Every structure is written in structure tokens, then in C-alpha cells.
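Remarks on the structure that follows.
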2 protein chains.
Amino acid sequence: MITVLTGGTGGAKFVDGLRQIVPPEELTIIVNTGDDLLWWGLRVSPDLDSIAYMLAGKLSPERGWGVKGDTFFCLQTMGQMGQPTWFHAGDRDLATHIFRTKLLADGKTLSEATREIAASLGIKARILPMSDSWVETRVLTPAGDLSFEEYFVQRWYQDPVESVRFAGASDAEPAPGVTEAIRSADVVLLAPSNPVTSIAPILAVPGIREALHESRAHIAAVSPIVGGAAVTGPAGALMAAQGLAVSIAGVAYFYRDFLDLLVVDSQDADAAEDLRKSGVRVHCTPTIMRRNEDRIALAKSTLDAALQPPAAPAAVERT
Amino acid sequence: MITVLTGGTGGAKFVDGLRQIVPPEELTIIVNTGDDLLWWGLRVSPDLDSIAYMLAGKLSPERGWGVKGDTFFCLQTMGQMGQPTWFHAGDRDLATHIFRTKLLADGKTLSEATREIAASLGIKARILPMSDSWVETRVLTPAGDLSFEEYFVQRWYQDPVESVRFAGASDAEPAPGVTEAIRSADVVLLAPSNPVTSIAPILAVPGIREALHESRAHIAAVSPIVGGAAVTGPAGALMAAQGLAVSIAGVAYFYRDFLDLLVVDSQDADAAEDLRKSGVRVHCTPTIMRRNEDRIALAKSTLDAALQPPAAPAAVERT
């Protein structure tokens, strides 16, 4: 059994690789919901949607979010009516948002809504939101206290980041099945997602970090930092704002209390060597996912490395 | 000042004629909301939308409902997700439904939401829902107790109608401005809408019929029945189900307690003559609105006839 913690577009690509090599019934995907927003009054869960669309083969490959070949006529009309349009909900994408909003209004939890949406898309892997409670990633900048989507989508992550917090997290509970999926897994994988705004919100839900500590699973993370910078998006700036090194060492440090293995890109081989000296198990492999083959290869290589027992010499070197 | 009571597609066409001959600030349109429905959890007001789209020049001329040139990609996707699709909400049309639903969720009344939607579409005439309360036209048939849209759109008005009721009407109040617009108008016009399911729900809201009785306005109705049958839709079947004659006499009888003038189609000239004998003021003019010119001509002819004092000879004949 494999459990993945993920958020964002890098995470969705990684999950796409995994779904091609692992039977869906062995796959549980725990998804960040700190980016969730009310858009035009509709409940939008960008990371849940990206994973669902990816698993259903509907994710737009060009954009990395939303539905393949989608149109934006409702959005356009909203704009003509003077409503905000910075969050690009497509016409086909809207079906998911409307359906989710209705399920929640009918009294369903986000987990239940997620299960119904996944079933309606024919998805067999298990998708779990990190929590059924409202947890909101807030990014404090000189321009104000922004939601993640305001910071990321509306303002193109150009604002200097003073701090990041997860409003509501301390009162939240993990969604049903989340801690069990971490505890009972053979392997727990942290996708190459933004540590600060995709993975940290998940870890901020009380009980999830404890489950990682107590799990007997091999826990591996794929570094979203390659050659001292984020592959895409604001992970670098956000890590720096948290006082972390923007490097594979920074990633390893961020996950230090539960991580068994860090998977880093081949171009970080030298940095990996340094990291190994400080006792971290590191696996080098190409991590940039341009083509489908890259995704499959990274998933395979990560799984193999995670399942391999730590090499004895490394332990010897450490003494 | 002109106040119109309307619902449905015939009503929207009539209003289209009026808007071309009357300055918008002199026009108040009171709209049936008995057809309102929750569709995918969104609040849809079909008759309010038809009037708003018509006044904004956006109503689809082919369909008579929805937005000109609209697409249905969200609907299609909903269908793929196993959700109902019999109510055809287009992608551009959805913007209105989502916006209205958000305004209501934010605590606005339907009147306020209607005003905001109208303003966002650049509409200057005043559109008022009949009530801010939920009033639902229910059609009892052998197939069950149906909402109007279930009876009309989902089941193509093929079920025999046993009775029609307006659930919630007795507890409803007229929306702000409705009775004032009736009392203070120079002319009140009942559009050639279905008397039973477009006009009767308006009249069922306590206070509106009283306002018509007490108004000093000239009150004229345009008959939706021509040559003993409805021009479009189920008005004939619904009138028959109410024990009314499917004729201009049936229409006159339905509105007998407040009507000053019935406008009927030229092809009903003989029936009009009979009706005049029973003391009803009747004006004959072409009422079928195929082209834009027809709409303008009907609006003009109706207004002129309504504003004309009753001819003395008719009063003499009646004695």
C-alpha cells in the first residue's frame, strides 16, 4: 500500500507517474486543501481537482490545472457582469465546483464529496482531503494578508512573503482514513510539491505528523528544489521566507523528523554527497518531469529506492 | 408610468416591444417567480432571467430562453458526471445563476439580487420579482406532484393536469415596490403570458390582487389564447384543468375582477364581439409576435387602447 502526500502541479505529475505503475486500489492520495477557496460562492479545491483530473485523464497538460480543452464562457460572462475573473474556472471545471458545492450544502463532508466526485469521474484510487475542516493557507505580505490563491494566482507570487500560516489548522482533524493510510502504508511518499504551502498545511493538521512519526512505512520525499531553485512556482521564495535554505538540504531539514529518504535530481549529486555526510539517506535520479516517460521513471525510481533497505556502509560512514 | 405583470417567453416578447417605445425609467416589470428552482444547488429564476436577458439584448431569439449563442459545456460535463441535465443551463447563463446564488447566500433578498444582476447587465428599466419569498408553482398530475419546470421542461407538459397550486404563496409578501408600482401606475399591463402558471402565481401573493383592485391605473391584459388555443406552451391545457374556457372569454373571466380591457388577436374578432356583449371592453389587433415589428406594433396598440377612455356607445349598448 502506497500513501502519497501532495498538492500543486508537481504533485499531480508525480501522481500521474505512480498511477501508471501501481494498481489503483493500492494508492491513497492525501491532498492539501489549504488552497481551497470560495469562488463566486462556489467551493473550489484546486489541489483535489488537479489530482482528480489527472487520475481521470482530464487534466489540461498545457496549463497543469483545469480540464483539458476547457472553455471559459461563464468566466467571460462573469467579467462582463463586473465580477472577478482572476481565478480561471473553465466551463467544464465549473461542473466539479458546482457539484462539490451542492454536496457540501446537502450536508456531506468534503471527504464524502471528494469520494462522489472521484466516483463520477471513474477514479479507482483513493483521494482523501487532508481534513474535512476549513484550513486556509494565509500568506502575509506587505500588500496584505492574502489567501494562497490571491498570492499565487491573482498576484502572480510577486509579493515579498513575510510569513505563512494555516488558519484553522489547530482546530482541524485529519479527514477519516488519513492517519490510518499513513500508519498502515508500506511506503509514504511526499510528492515534489511546495513544502511550505502544499505539504506543510497537511502536516499542520494535528495528528498527521504524529502518524508519520509512528508509521512503520518507509517515508520518502521527492525534492521540488533542483539546483538551488524551485522547478516551478514560488517554493524557493516561500522556503527562504521560512528561514530554510533553498536547497535539497533545506528540504531535508524541513522533513527531518520523519523522513527516511530524500529523492533529489541527478544534477544535485554533489549536494547529495554533502547531505549524506550529515546522515541523510539520499537517492539521486532525474526528477524533472517533462514527458510521460519521466513521470513513470521518477515514480519507479522513488518507489524502488524507498523500499530498499538502507545500505550498511552509509551507517558505517556515519559513525 | 407603466407596470407590466409577466412570465414566460410570450411575456418577454411583449416586454421587448414595450422597451422599444417606452423610456426605461417609466417601465416597471413584475415577474413571476413561481417557476424558480434549485438546479445543481443554484438558484435559477427562469422568468426573471428571460426578462433581464431580453432587456439586455442577450436573450436567445431561437430558443426564447437563455443567452444568445450560448454553449453547454458545463451541462455536458455534469451529464458525464451522472448529474441531471434536463434543465438546460448554458455556460453564459450559468454566470447569472451563480451570481444570484452568491448574492442570496450573502444575505441579499431576491429583489436586491435582481437589481444587482440587472445593473450588471446595464438594464435601466425596473425588474421586480413578485415576492422575495419562495413561492413554488406545483402541478399535480397522475405522474406525481411536479414543480413547474419538472412538468414543463423535464416532461414536456405531456402529463394530464389535475390541479395547480402555489406553495408558500399564502405566507408570502409582495416584494418591495410591487404594490406601489401597481397602485401608482398609469397603465398596468398583463403580458400575453400563461394565466394559470405565469400570472396567477403573481396574483396569489397576498396584497397584489388588492393593489390591482384599488389601482386607478388602466388595467389591460393581452390574451395568450388566439383562435381557441394557446399561441405556445401549455396555457390551454392548464386553463382547461382550472375549469376555464380555452378562449378569450376564459381569459377575460380569469381576470374579471380587475380588468379594464382585454386585447385579443384580430382573428378573434367574432369572439370579441360576443365578449363585448357581456360588457367586457375588448380591443382587436394582431397579437402574434413573429418579427420585431409585430412586437412594437402590439405594444403600441395595447398602450393606446389602454389609455383611451372607454367609448360611450359601448356603455350605451350595455344598458
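In the C-alpha cells, each chain is lettered A, B, ... as it comes, each chain's residues begin at 1, and ligands are numbered from 1 in order of appearance.
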**Report entry** DSSP alpha helix (DSSP H) residues within segment 59-192 of chain B, listed as an NGL selection string
**Finding:** :B and (73-80 or 91-105 or 110-120 or 148-149 or 178-183)
Generate a file of the selected residues that holds N, CA and C atoms, formatted as a CSV table (one decimal), in the first residue's frame.
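again-v7.csv written:
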chain,number,residue,atom,x,y,z
B,73,PHE,N,-21.2,23.4,-22.2
B,73,PHE,CA,-20.1,22.5,-21.9
B,73,PHE,C,-20.2,22.1,-20.4
B,74,CYS,N,-20.6,23.0,-19.5
B,74,CYS,CA,-20.7,22.6,-18.1
B,74,CYS,C,-21.8,21.6,-18.0
B,75,LEU,N,-22.9,21.8,-18.7
B,75,LEU,CA,-24.0,20.9,-18.7
B,75,LEU,C,-23.6,19.5,-19.2
B,76,GLN,N,-22.9,19.5,-20.3
B,76,GLN,CA,-22.4,18.2,-20.8
B,76,GLN,C,-21.5,17.5,-19.8
B,77,THR,N,-20.7,18.2,-19.1
B,77,THR,CA,-19.8,17.6,-18.2
B,77,THR,C,-20.6,17.1,-17.0
B,78,MET,N,-21.6,17.9,-16.6
B,78,MET,CA,-22.4,17.4,-15.5
B,78,MET,C,-23.1,16.1,-15.9
B,79,GLY,N,-23.5,16.0,-17.1
B,79,GLY,CA,-24.1,14.7,-17.6
B,79,GLY,C,-23.1,13.6,-17.5
B,80,GLN,N,-21.9,13.8,-17.9
B,80,GLN,CA,-20.8,12.8,-17.9
B,80,GLN,C,-20.6,12.4,-16.4
B,91,ASP,N,-23.5,27.9,-20.5
B,91,ASP,CA,-22.3,28.3,-19.8
B,91,ASP,C,-22.4,29.8,-19.4
B,92,ARG,N,-22.9,30.6,-20.4
B,92,ARG,CA,-23.0,32.1,-20.1
B,92,ARG,C,-24.2,32.3,-19.1
B,93,ASP,N,-25.3,31.5,-19.3
B,93,ASP,CA,-26.4,31.6,-18.5
B,93,ASP,C,-26.1,31.3,-17.0
B,94,LEU,N,-25.2,30.3,-16.8
B,94,LEU,CA,-24.7,29.9,-15.5
B,94,LEU,C,-24.2,31.1,-14.7
B,95,ALA,N,-23.5,32.0,-15.4
B,95,ALA,CA,-23.0,33.2,-14.7
B,95,ALA,C,-24.1,33.9,-13.9
B,96,THR,N,-25.2,34.0,-14.5
B,96,THR,CA,-26.4,34.7,-13.7
B,96,THR,C,-26.8,33.8,-12.6
B,97,HIS,N,-26.9,32.5,-12.8
B,97,HIS,CA,-27.4,31.6,-11.7
B,97,HIS,C,-26.3,31.6,-10.5
B,98,ILE,N,-25.1,31.6,-10.9
B,98,ILE,CA,-24.0,31.5,-9.8
B,98,ILE,C,-24.0,32.9,-9.1
B,99,PHE,N,-24.1,34.0,-9.8
B,99,PHE,CA,-24.1,35.3,-9.2
B,99,PHE,C,-25.3,35.5,-8.3
B,100,ARG,N,-26.5,35.1,-8.8
B,100,ARG,CA,-27.7,35.2,-7.9
B,100,ARG,C,-27.5,34.3,-6.7
B,101,THR,N,-27.1,33.1,-6.8
B,101,THR,CA,-26.9,32.2,-5.7
B,101,THR,C,-26.0,32.8,-4.6
B,102,LYS,N,-24.9,33.4,-5.1
B,102,LYS,CA,-23.9,34.0,-4.2
B,102,LYS,C,-24.6,35.2,-3.5
B,103,LEU,N,-25.3,36.1,-4.2
B,103,LEU,CA,-25.9,37.2,-3.6
B,103,LEU,C,-26.9,36.8,-2.5
B,104,LEU,N,-27.7,35.7,-2.8
B,104,LEU,CA,-28.6,35.2,-1.8
B,104,LEU,C,-27.9,34.6,-0.6
B,105,ALA,N,-26.8,33.9,-0.9
B,105,ALA,CA,-26.1,33.3,0.2
B,105,ALA,C,-25.4,34.4,1.1
B,110,LEU,N,-34.1,38.4,-2.9
B,110,LEU,CA,-34.2,38.2,-4.4
B,110,LEU,C,-34.3,39.5,-5.1
B,111,SER,N,-35.1,40.5,-4.5
B,111,SER,CA,-35.2,41.8,-5.1
B,111,SER,C,-33.8,42.5,-5.3
B,112,GLU,N,-33.1,42.4,-4.2
B,112,GLU,CA,-31.7,43.1,-4.3
B,112,GLU,C,-30.8,42.4,-5.3
B,113,ALA,N,-30.9,41.0,-5.3
B,113,ALA,CA,-30.1,40.3,-6.2
B,113,ALA,C,-30.5,40.6,-7.7
B,114,THR,N,-31.8,40.7,-7.9
B,114,THR,CA,-32.4,41.1,-9.2
B,114,THR,C,-31.9,42.4,-9.6
B,115,ARG,N,-31.9,43.4,-8.7
B,115,ARG,CA,-31.4,44.7,-9.0
B,115,ARG,C,-29.9,44.7,-9.4
B,116,GLU,N,-29.1,43.9,-8.6
B,116,GLU,CA,-27.7,43.9,-9.0
B,116,GLU,C,-27.4,43.2,-10.3
B,117,ILE,N,-28.2,42.1,-10.6
B,117,ILE,CA,-28.0,41.5,-11.9
B,117,ILE,C,-28.4,42.4,-13.0
B,118,ALA,N,-29.5,43.1,-12.8
B,118,ALA,CA,-30.0,44.0,-13.9
B,118,ALA,C,-29.0,45.1,-14.1
B,119,ALA,N,-28.4,45.6,-13.0
B,119,ALA,CA,-27.4,46.7,-13.1
B,119,ALA,C,-26.2,46.2,-13.8
B,120,SER,N,-25.8,44.9,-13.5
B,120,SER,CA,-24.6,44.4,-14.1
B,120,SER,C,-24.8,44.2,-15.6
B,148,PHE,N,-43.1,23.3,-11.5
B,148,PHE,CA,-43.5,23.7,-12.9
B,148,PHE,C,-42.4,23.3,-13.9
B,149,GLU,N,-41.1,23.5,-13.5
B,149,GLU,CA,-40.1,23.1,-14.5
B,149,GLU,C,-40.0,21.6,-14.8
B,178,VAL,N,-43.6,46.4,-5.3
B,178,VAL,CA,-44.6,45.7,-6.2
B,178,VAL,C,-46.0,46.4,-6.1
B,179,THR,N,-46.5,46.5,-4.9
B,179,THR,CA,-47.9,47.0,-4.9
B,179,THR,C,-47.9,48.5,-5.2
B,180,GLU,N,-46.8,49.2,-4.8
B,180,GLU,CA,-46.7,50.6,-5.1
B,180,GLU,C,-46.7,50.8,-6.6
B,181,ALA,N,-45.9,49.9,-7.3
B,181,ALA,CA,-45.8,50.1,-8.8
B,181,ALA,C,-47.2,49.8,-9.5
B,182,ILE,N,-48.0,49.0,-8.9
B,182,ILE,CA,-49.3,48.7,-9.4
B,182,ILE,C,-50.3,49.9,-9.1
B,183,ARG,N,-50.2,50.4,-7.9
B,183,ARG,CA,-51.1,51.5,-7.4
B,183,ARG,C,-50.8,52.8,-8.1
Report task. Within 10 Å of Ala252 of chain B, counting only C-alpha atoms, which residues show up once you throw out same-chain ones fewer than 4 positions away? Write them as a PyMOL selection string, please. Result -> chain B and resi 221-223+245+247-248+256-263+275+280-282
Query raised in the report: For His88 of chain B, which residue among B:Ser45, B:Gln154, B:Ser133, B:Ser266 is the nearest when counting only C-alpha atoms?
Result: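 Among B:Ser45, B:Gln154, B:Ser133, B:Ser266, it is B:Gln154 that comes nearest to His88 of chain B.
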Tell me which protein, DNA and RNA residues are within 9 Å of segment 23-26 of chain A, counting only C-alpha atoms, leaving out same-chain ones fewer than 6 positions away, and put them as a PDB file with C-alpha atoms, in the first residue's frame.
ATOM      1  CA  MET A   1       0.000   0.000   0.000  1.00  0.00           C
ATOM      2  CA  ILE A   2       1.296   3.399  -1.020  1.00  0.00           C
ATOM      3  CA  THR A   3       0.200   6.684   0.507  1.00  0.00           C
ATOM      4  CA  ILE A 123     -11.385   7.089 -10.451  1.00  0.00           C
ATOM      5  CA  LYS A 124     -10.436   3.949  -8.535  1.00  0.00           C
ATOM      6  CA  ALA A 125      -7.506   5.209  -6.452  1.00  0.00           C
ATOM      7  CA  ARG A 126      -8.478   6.716  -3.101  1.00  0.00           C
TER       8      ARG A 126
END
Query raised in the report: Near Leu238 of chain B, counting only C-alpha atoms, which residues have an atom at most 7 Å away, once you skip same-chain residues fewer than 3 positions from it, shown as a PyMOL selection string?
Result: chain B and resi 161+196+234-235+241-242
Query - Which of A:Ala272, A:Val188, A:Ile51, A:Leu38 sits closest to chain B [using only C-alpha atoms] - result: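 Among the listed residues, A:Leu38 lies closest to chain B.
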Query raised in the report: Which neighbours of Ser131 of chain A fall inside 6 Å, counting only C-alpha atoms, when residues of the same chain fewer than 4 positions from it are skipped, and could you give them as a list in words?
Result: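 The residues that qualify are Glu173, Pro174 and Ala175 of chain A.
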Same residues, C-alpha atoms, saved as a PDB file, in the first residue's frame:
ATOM      1  CA  GLU A 173      -8.873  16.971  12.426  1.00  0.00           C
ATOM      2  CA  PRO A 174      -7.446  14.725   9.758  1.00  0.00           C
ATOM      3  CA  ALA A 175     -10.164  13.532   7.386  1.00  0.00           C
TER       4      ALA A 175
END
Requested in this report: From the DSSP assignment of the backbone, select every residue of segment 113-229 of chain A that is strand (DSSP E), and format the answer as an MDAnalysis selection string.
Outcome: chainID A and resid 126:129 136:141 144:147 163:167 187:190 218:222 225:226 229
**Report entry** Distance of atom CA of Leu48 of chain B from atom CA of Val31 of chain B, expressed in Å to one decimal place
**Finding:**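 Interatomic distance, atom CA of Val31 of chain B to atom CA of Leu48 of chain B: 6.1 Å.
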Requested in this report: Compile the contact shell of Leu140 of chain B as a ChimeraX atom specification: residues with an atom at most 6 Å away, counting only C-alpha atoms, same-chain residues fewer than 2 positions apart removed.
Outcome: /B:144-145,162-163
With C-alpha atoms retained, export the selected residues as a short mmCIF file (atom, residue, chain, number, x, y, z; two decimals), in the first residue's frame.
data_model
loop_
_atom_site.label_atom_id
_atom_site.label_comp_id
_atom_site.auth_asym_id
_atom_site.auth_seq_id
_atom_site.Cartn_x
_atom_site.Cartn_y
_atom_site.Cartn_z
CA GLY B 144 -46.90 13.00 -9.26
CA ASP B 145 -46.76 16.44 -7.70
CA GLU B 162 -55.26 17.62 -12.11
CA SER B 163 -54.59 20.85 -10.28
#
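Straight-line separation from atom CA of Ala204 of chain B to atom CA of Ala169 of chain B: 6.0 Å.
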Query raised in the report: Separation of atom CA of Arg19 of chain A and atom CA of Ser215 of chain A, in Å?
Result: 22.7 Å
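The closest residue to chain B, picked from A:Thr302, A:Gln83, A:Asn292, A:Gln308 and counting only C-alpha atoms, is A:Gln83.
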**Report entry** Nearest candidate to Val205 of chain B (options B:Ala185, B:Leu190, B:Met130, B:Ala237; using only C-alpha atoms)
**Finding:**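 Looking at the shortest contact to Val205 of chain B, the residue is B:Met130.
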